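Q: Quick one: the structure is below, and I'll ask about it shortly.
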Amino acid sequence: MNKWDKRFMELSYNVAEWSSCFQLNRKIGAIIVKDKRIITTGYNGAPSGIESCKDKQECMRRKMGIPSGTKHELCFAVHAEQNAIIQAAKLGISIEGATLYCTHQPCVICAKMIINGGIVRVVYDQGYPDEFSLQLFNEAKIKVEKYSEL
């Protein structure tokens, strides 16, 4: 890892603080970078115009006893990686050849979007219980690195 990786990973944690997720331990941030320039950012939160779990003061997933890494569709939040990709699309900015920095390992749904979006490198800090996403990244030859300051 280099000083740029450190800077962008720190920034992904700052972006994660904007999350509207009710679970404090599920604040996720993502940044898409190309040529040392930030293209877009994303954090996990409810879609525009939809009341968030934070506003509702409860987590639907926790209330239903849904384990982490499963049934992604049963959540009000759009994932941080998805929001970063969506913002690039809305702004008409290509993410082909970019790096995605994320506080957590992307899930399989995000992995598919990352692969099809043309992102070539993913740097994440915290793990996530989704081995299939890592399998897809490997098969697609996406460089995936667990962040380390060493």
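Residues in the structure tokens are named by chain (A, B, ... in the order shown) and by number from 1 within that chain; ligands are numbered from 1 in the order shown.
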May I have a table of the residues of range 48-67 of chain A lying at most 9 Å from range 19-22 of chain A, giving each one's closest pair of atoms and their distance in Å to one decimal, counting only C-alpha atoms, ordered by chain and ascending residue number, as a tab-separated table?
A:
residue	atom	partner	partner_atom	distance
A:Ser52	CA	A:Ser20	CA	6.0
A:Cys53	CA	A:Phe22	CA	5.2
A:Lys54	CA	A:Phe22	CA	4.3
A:Asp55	CA	A:Ser20	CA	7.8
A:Lys56	CA	A:Phe22	CA	8.3
A:Gln57	CA	A:Phe22	CA	6.4
A:Glu58	CA	A:Phe22	CA	6.1
A:Cys59	CA	A:Phe22	CA	5.8
Q: Produce a file of the selected residues containing N, CA and C atoms, as a short mmCIF file (atom, residue, chain, number, x, y, z; two decimals), in the first residue's frame.
A:
data_model
loop_
_atom_site.label_atom_id
_atom_site.label_comp_id
_atom_site.auth_asym_id
_atom_site.auth_seq_id
_atom_site.Cartn_x
_atom_site.Cartn_y
_atom_site.Cartn_z
N SER A 52 -35.18 6.68 5.77
CA SER A 52 -34.10 5.76 6.12
C SER A 52 -34.38 5.05 7.44
N CYS A 53 -33.63 4.00 7.67
CA CYS A 53 -33.73 3.27 8.93
C CYS A 53 -33.34 4.17 10.10
N LYS A 54 -32.38 5.04 9.86
CA LYS A 54 -31.96 5.98 10.90
C LYS A 54 -33.14 6.88 11.29
N ASP A 55 -33.88 7.35 10.28
CA ASP A 55 -35.07 8.17 10.55
C ASP A 55 -36.15 7.35 11.25
N LYS A 56 -36.28 6.08 10.87
CA LYS A 56 -37.30 5.21 11.46
C LYS A 56 -36.89 4.71 12.85
N GLN A 57 -35.59 4.85 13.15
CA GLN A 57 -35.03 4.40 14.43
C GLN A 57 -35.11 2.89 14.62
N GLU A 58 -35.02 2.15 13.51
CA GLU A 58 -34.93 0.70 13.61
C GLU A 58 -34.36 0.12 12.33
N CYS A 59 -33.72 -1.00 12.48
CA CYS A 59 -33.15 -1.72 11.33
C CYS A 59 -34.08 -2.88 10.98
#
Q: If you run DSSP on the backbone here, which positions in range 10-116 of chain A get strand (DSSP E)? Please write them as a PyMOL selection string.
A: chain A and resi 29-34+37-43+99-104
Q: Using only C-alpha atoms, which residue out of A:Met9, A:Ala46, A:Leu74, A:Ile66 lies closest to Asp125 in chain A?
A: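 When distances to Asp125 in chain A are compared using only C-alpha atoms, the smallest one comes from A:Met9.
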Q: So that I can see what lies close to Glu10 in chain A, please list as number ranges by chain the residues with an atom at most 10 Å from it, counting only C-alpha atoms and leaving out residues fewer than 6 positions away in the same chain.
A: A: 4, 16, 29, 101-103
Q: Any idea what's packed within 9 Å of Val122 in chain A, counting only C-alpha atoms, ignoring anything in its chain fewer than 5 positions away? Could you give it as a tab-separated table (two decimals) with C-alpha atoms, in the first residue's frame?
A:
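Written file, around_15.tsv:
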chain	number	residue	atom	x	y	z
A	98	ALA	CA	-10.67	3.03	-11.90
A	99	THR	CA	-9.95	1.86	-8.37
A	100	LEU	CA	-12.70	1.51	-5.76
A	101	TYR	CA	-11.78	2.09	-2.11
A	102	CYS	CA	-14.30	0.76	0.38
A	105	GLN	CA	-15.32	-5.96	1.20
A	106	PRO	CA	-18.02	-5.64	-1.48
A	114	ILE	CA	-17.94	-3.28	-10.11
A	142	ILE	CA	-10.03	-7.69	-10.76
A	143	LYS	CA	-7.17	-6.88	-8.42
A	144	VAL	CA	-8.56	-7.07	-4.86
A	145	GLU	CA	-6.44	-5.96	-1.92
A	146	LYS	CA	-7.16	-5.98	1.78
Q: Quick one: of A:Thr41, A:Ser48, A:Gln126, A:Asn116, who's nearest to Ala84 in chain A, counting only C-alpha atoms?
A: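 Of all the options, A:Thr41 lies closest to Ala84 in chain A.
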Q: Please run DSSP on the backbone and report, as a ChimeraX atom specification, all residues within chain A that come out as alpha helix (DSSP H).
A: /A:3-16,53-56,60-64,80-91,108-117,131-139
Q: Could the residues in this selection be written to a file with C-alpha atoms, as a PDB file, in the first residue's frame?
A:
ATOM      1  CA  LYS A   3       0.345   7.015   0.706  1.00  0.00           C
ATOM      2  CA  TRP A   4      -2.460   7.449  -1.852  1.00  0.00           C
ATOM      3  CA  ASP A   5      -4.120   4.238  -0.720  1.00  0.00           C
ATOM      4  CA  LYS A   6      -3.939   5.497   2.865  1.00  0.00           C
ATOM      5  CA  ARG A   7      -5.455   8.864   1.934  1.00  0.00           C
ATOM      6  CA  PHE A   8      -8.311   7.381  -0.072  1.00  0.00           C
ATOM      7  CA  MET A   9      -9.050   4.718   2.557  1.00  0.00           C
ATOM      8  CA  GLU A  10      -9.190   7.389   5.275  1.00  0.00           C
ATOM      9  CA  LEU A  11     -11.542   9.404   3.099  1.00  0.00           C
ATOM     10  CA  SER A  12     -13.797   6.381   2.563  1.00  0.00           C
ATOM     11  CA  TYR A  13     -14.237   6.228   6.350  1.00  0.00           C
ATOM     12  CA  ASN A  14     -15.119   9.937   6.409  1.00  0.00           C
ATOM     13  CA  VAL A  15     -17.740   9.349   3.703  1.00  0.00           C
ATOM     14  CA  ALA A  16     -19.099   6.383   5.704  1.00  0.00           C
ATOM     15  CA  CYS A  53     -33.727   3.265   8.933  1.00  0.00           C
ATOM     16  CA  LYS A  54     -31.959   5.983  10.897  1.00  0.00           C
ATOM     17  CA  ASP A  55     -35.069   8.169  10.547  1.00  0.00           C
ATOM     18  CA  LYS A  56     -37.299   5.212  11.462  1.00  0.00           C
ATOM     19  CA  MET A  60     -35.512  -3.917   9.339  1.00  0.00           C
ATOM     20  CA  ARG A  61     -32.790  -6.569   8.917  1.00  0.00           C
ATOM     21  CA  ARG A  62     -32.030  -6.700  12.631  1.00  0.00           C
ATOM     22  CA  LYS A  63     -35.762  -6.771  13.450  1.00  0.00           C
ATOM     23  CA  MET A  64     -36.230  -9.748  11.068  1.00  0.00           C
ATOM     24  CA  ALA A  80     -22.007   2.482  -0.757  1.00  0.00           C
ATOM     25  CA  GLU A  81     -20.378   0.933  -3.831  1.00  0.00           C
ATOM     26  CA  GLN A  82     -23.685   1.002  -5.702  1.00  0.00           C
ATOM     27  CA  ASN A  83     -24.233   4.661  -4.816  1.00  0.00           C
ATOM     28  CA  ALA A  84     -20.735   5.581  -6.026  1.00  0.00           C
ATOM     29  CA  ILE A  85     -21.332   3.750  -9.334  1.00  0.00           C
ATOM     30  CA  ILE A  86     -24.807   5.284  -9.715  1.00  0.00           C
ATOM     31  CA  GLN A  87     -23.424   8.791  -9.162  1.00  0.00           C
ATOM     32  CA  ALA A  88     -20.842   8.263 -11.902  1.00  0.00           C
ATOM     33  CA  ALA A  89     -23.616   7.101 -14.253  1.00  0.00           C
ATOM     34  CA  LYS A  90     -25.846  10.073 -13.388  1.00  0.00           C
ATOM     35  CA  LEU A  91     -22.964  12.451 -14.073  1.00  0.00           C
ATOM     36  CA  VAL A 108     -21.639 -10.263  -4.587  1.00  0.00           C
ATOM     37  CA  ILE A 109     -24.236  -7.815  -5.953  1.00  0.00           C
ATOM     38  CA  CYS A 110     -21.760  -4.935  -5.744  1.00  0.00           C
ATOM     39  CA  ALA A 111     -19.013  -7.151  -7.162  1.00  0.00           C
ATOM     40  CA  LYS A 112     -21.075  -7.757 -10.297  1.00  0.00           C
ATOM     41  CA  MET A 113     -21.636  -4.011 -10.732  1.00  0.00           C
ATOM     42  CA  ILE A 114     -17.942  -3.279 -10.115  1.00  0.00           C
ATOM     43  CA  ILE A 115     -16.918  -5.855 -12.718  1.00  0.00           C
ATOM     44  CA  ASN A 116     -19.376  -4.598 -15.356  1.00  0.00           C
ATOM     45  CA  GLY A 117     -18.472  -0.983 -14.597  1.00  0.00           C
ATOM     46  CA  GLU A 131     -16.722 -15.567  -0.510  1.00  0.00           C
ATOM     47  CA  PHE A 132     -18.616 -15.664  -3.802  1.00  0.00           C
ATOM     48  CA  SER A 133     -17.822 -11.993  -4.441  1.00  0.00           C
ATOM     49  CA  LEU A 134     -14.098 -12.748  -4.103  1.00  0.00           C
ATOM     50  CA  GLN A 135     -14.500 -15.699  -6.477  1.00  0.00           C
ATOM     51  CA  LEU A 136     -16.137 -13.439  -9.087  1.00  0.00           C
ATOM     52  CA  PHE A 137     -13.424 -10.790  -8.714  1.00  0.00           C
ATOM     53  CA  ASN A 138     -10.766 -13.471  -9.162  1.00  0.00           C
ATOM     54  CA  GLU A 139     -12.440 -14.906 -12.257  1.00  0.00           C
TER      55      GLU A 139
END
Q: Report as a PyMOL selection string all protein, DNA and RNA residues lying within 10 Å of Lys34 in chain A, evaluated on only C-alpha atoms, omitting residues in the same chain fewer than 5 positions from it.
A: chain A and resi 39-40+94-100+119
